[in-house]
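Shown next: target-v5.txt, given as compact mmCIF, C-alpha atoms and all ligand atoms.
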```
# COMPACT_ATOMS: atom_id res chain seq x y z
CA MET F 1 29.72 15.60 -20.58
CA THR F 2 29.55 11.85 -20.35
CA LYS F 3 26.11 10.41 -20.12
CA TYR F 4 25.77 7.41 -17.89
CA PRO F 5 22.82 5.06 -18.06
CA LYS F 6 20.29 5.35 -15.27
CA PRO F 7 20.71 2.59 -12.72
CA PRO F 8 17.89 0.07 -12.89
CA ARG F 9 15.25 0.35 -10.24
CA VAL F 10 14.98 -2.60 -7.92
CA GLY F 11 11.44 -2.95 -6.79
CA GLU F 12 9.77 -5.30 -4.42
CA GLN F 13 9.55 -8.97 -5.22
CA THR F 14 6.87 -11.39 -4.17
CA PHE F 15 7.21 -15.03 -3.25
CA THR F 16 4.80 -17.80 -2.53
CA GLU F 17 7.09 -19.25 0.11
CA ARG F 18 8.34 -17.47 3.14
CA GLN F 19 11.93 -16.95 2.08
CA GLU F 20 14.55 -15.14 4.11
CA CYS F 21 16.80 -12.22 3.32
CA PRO F 22 20.14 -13.84 2.42
CA VAL F 23 22.09 -11.32 4.53
CA CYS F 24 20.25 -10.94 7.81
CA PHE F 25 17.87 -13.94 7.53
CA ARG F 26 14.86 -11.82 8.29
CA PRO F 27 11.88 -13.65 6.82
CA ALA F 28 9.86 -11.99 4.07
CA LYS F 29 6.75 -10.17 5.22
CA LYS F 30 3.24 -11.09 4.30
CA LYS F 31 2.03 -9.07 1.35
CA THR F 32 -1.02 -7.40 2.78
CA THR F 33 -3.52 -4.97 1.38
CA GLN F 34 -5.34 -2.32 3.32
CA ILE F 35 -8.97 -1.52 2.71
CA PHE F 36 -11.40 0.79 4.42
CA SER F 37 -14.95 -0.27 4.91
CA ASN F 38 -18.00 0.64 6.92
CA ASP F 39 -18.67 -2.98 7.76
CA PRO F 40 -16.85 -5.81 9.49
CA TYR F 41 -14.95 -7.84 6.92
CA ASP F 42 -16.60 -10.88 5.40
CA GLY F 43 -14.62 -11.82 2.32
CA ASN F 44 -12.42 -14.78 1.54
CA MET F 45 -9.06 -13.17 2.22
CA LEU F 46 -7.44 -13.72 5.59
CA LEU F 47 -8.06 -10.91 8.00
CA ILE F 48 -4.78 -10.01 9.66
CA ARG F 49 -5.93 -7.00 11.61
CA SER F 50 -9.00 -4.87 11.84
CA VAL F 51 -8.88 -1.42 13.33
CA ASP F 52 -12.05 0.29 14.31
CA GLN F 53 -11.92 4.05 13.84
CA TRP F 54 -14.09 7.08 13.79
CA ALA F 55 -13.61 9.29 10.79
CA SER F 56 -15.04 12.60 9.92
CA ASN F 57 -17.31 12.77 6.93
CA PRO F 58 -15.26 13.94 3.93
CA GLY F 59 -18.40 14.78 1.97
CA LEU F 60 -19.20 17.72 4.17
CA LYS F 61 -17.38 21.00 3.76
CA ASN F 62 -16.93 21.32 7.47
CA ASN F 63 -17.62 18.56 9.90
CA TYR F 64 -20.33 20.34 11.75
CA LEU F 65 -24.06 20.30 11.35
CA ASN F 66 -25.97 22.85 13.42
CA ASN F 67 -22.64 24.50 14.15
CA ASP F 68 -21.70 22.29 17.05
CA ASP F 69 -22.37 18.61 16.37
CA PRO F 70 -19.38 17.00 14.69
CA VAL F 71 -20.42 14.42 12.12
CA TYR F 72 -18.38 11.29 12.46
CA TRP F 73 -18.95 7.89 11.02
CA ARG F 74 -17.56 4.61 12.05
CA ARG F 75 -15.27 2.78 9.68
CA TYR F 76 -12.93 -0.13 9.77
CA GLU F 77 -9.43 -0.43 8.48
CA HIS F 78 -8.93 -4.03 7.40
CA ILE F 79 -5.51 -5.52 6.75
CA LEU F 80 -5.97 -8.49 4.45
CA TRP F 81 -3.70 -11.27 3.25
CA ASP F 82 -4.29 -13.84 0.54
CA GLY F 83 -2.66 -16.53 2.67
CA GLU F 84 0.27 -17.28 0.37
CA THR F 85 2.08 -14.20 -0.93
CA TYR F 86 5.15 -12.81 0.82
CA VAL F 87 7.16 -9.78 -0.19
CA GLN F 88 10.71 -8.48 0.17
CA LYS F 89 10.99 -4.78 -0.38
CA TYR F 90 14.26 -4.81 -2.33
CA GLY F 91 14.24 -7.82 -4.65
CA HIS F 92 15.58 -10.68 -2.56
CA PHE F 93 16.63 -8.39 0.26
CA CYS F 94 14.73 -6.93 3.16
CA SER F 95 16.42 -3.55 3.05
CA GLN F 96 18.84 -1.38 1.12
CA PRO F 97 21.71 -1.87 3.62
CA CYS F 98 21.46 -5.65 3.19
CA ALA F 99 21.43 -5.37 -0.60
CA VAL F 100 24.37 -2.95 -0.66
CA TRP F 101 26.39 -5.06 1.75
CA TYR F 102 25.80 -8.13 -0.38
CA ALA F 103 26.66 -6.31 -3.60
CA ASN F 104 29.92 -4.96 -2.17
CA THR F 105 30.89 -8.38 -0.92
CA VAL F 106 30.29 -9.85 -4.37
CA VAL F 107 32.39 -7.15 -6.07
CA LYS F 108 35.33 -7.68 -3.69
CA TYR F 109 35.73 -11.40 -4.51
ZN ZN B 1 18.20 -8.24 5.41
```
Would you kindly transcribe this structure into structure tokens?
Ligand SMILES: [Zn+2]
Amino acid sequence: MTKYPKPPRVGEQTFTERQECPVCFRPAKKKTTQIFSNDPYDGNMLLIRSVDQWASNPGLKNNYLNNDDPVYWRRYEHILWDGETYVQKYGHFCSQPCAVWYANTVVKY
């Protein structure tokens, strides 16, 4: 049986300028990170979004003390951005369809 080499994996690529997908012209997204914290954010990254949520306490086997009081604690989900990094999920392309369309066009000519 013929052994073929594994196709290379195309991962995400980051840019410091907001470049567009060359096929559909969708601009690259901001490369954000998500952190969970008990406090409002006060760091030096840009805060894109902050979602306030109530979570159950994972340290307890069940979430009940005294059988009927659920133990919840407040936490925040912070979406942070460094202010300069953008990302395209598939190399220079926003999506697999765009990359495949481009590749097929290149092969044809
Ligand atoms: Zn695209």
Selection as a PyMOL selection string: residues within 12 Å of ligand ZN 1 (chain B) by all atoms listed in the file
chain F and resi 19-29+88-102
Could you write out as AutoDock Vina command-line options the box around segment 94-109 of chain F (axis-aligned, all atoms listed in the file, 4 Å on each side), with centre and edge lengths in Å to one decimal?
```
--center_x 25.2 --center_y -6.4 --center_z -1.2 --size_x 29.0 --size_y 18.0 --size_z 17.7
```
Identify which of the residues F:Trp81, F:Arg75, F:Thr105, F:Ser37 lies closest to Arg49 of chain F, counting all atoms listed in the file when measuring atom-to-atom distances.
F:Trp81
Could you jot down the atom CA of Asn104 of chain F to atom CA of Glu17 of chain F separation for me, Å, one decimal place?
27.0 Å
Please indicate the distance in Å from atom CA of Glu77 of chain F to atom CA of Gln53 of chain F, rounded to one decimal place.
7.4 Å
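Minimum atom-to-atom distance to Leu47 of chain F, evaluated using all atoms listed in the file, belongs to F:Gly83 out of F:Arg74, F:Arg18, F:Gln13, F:Gly83.
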One decimal, in Å: what's the spacing between atom CA of Ile35 of chain F and atom CA of Trp54 of chain F?
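Rounded to one decimal, the two atoms are 14.9 Å apart.
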Find, counting only C-alpha atoms, the residue in F:Met1, F:Val51, F:Tyr76, F:Pro7 that gets nearest to Phe36 of chain F.
F:Tyr76
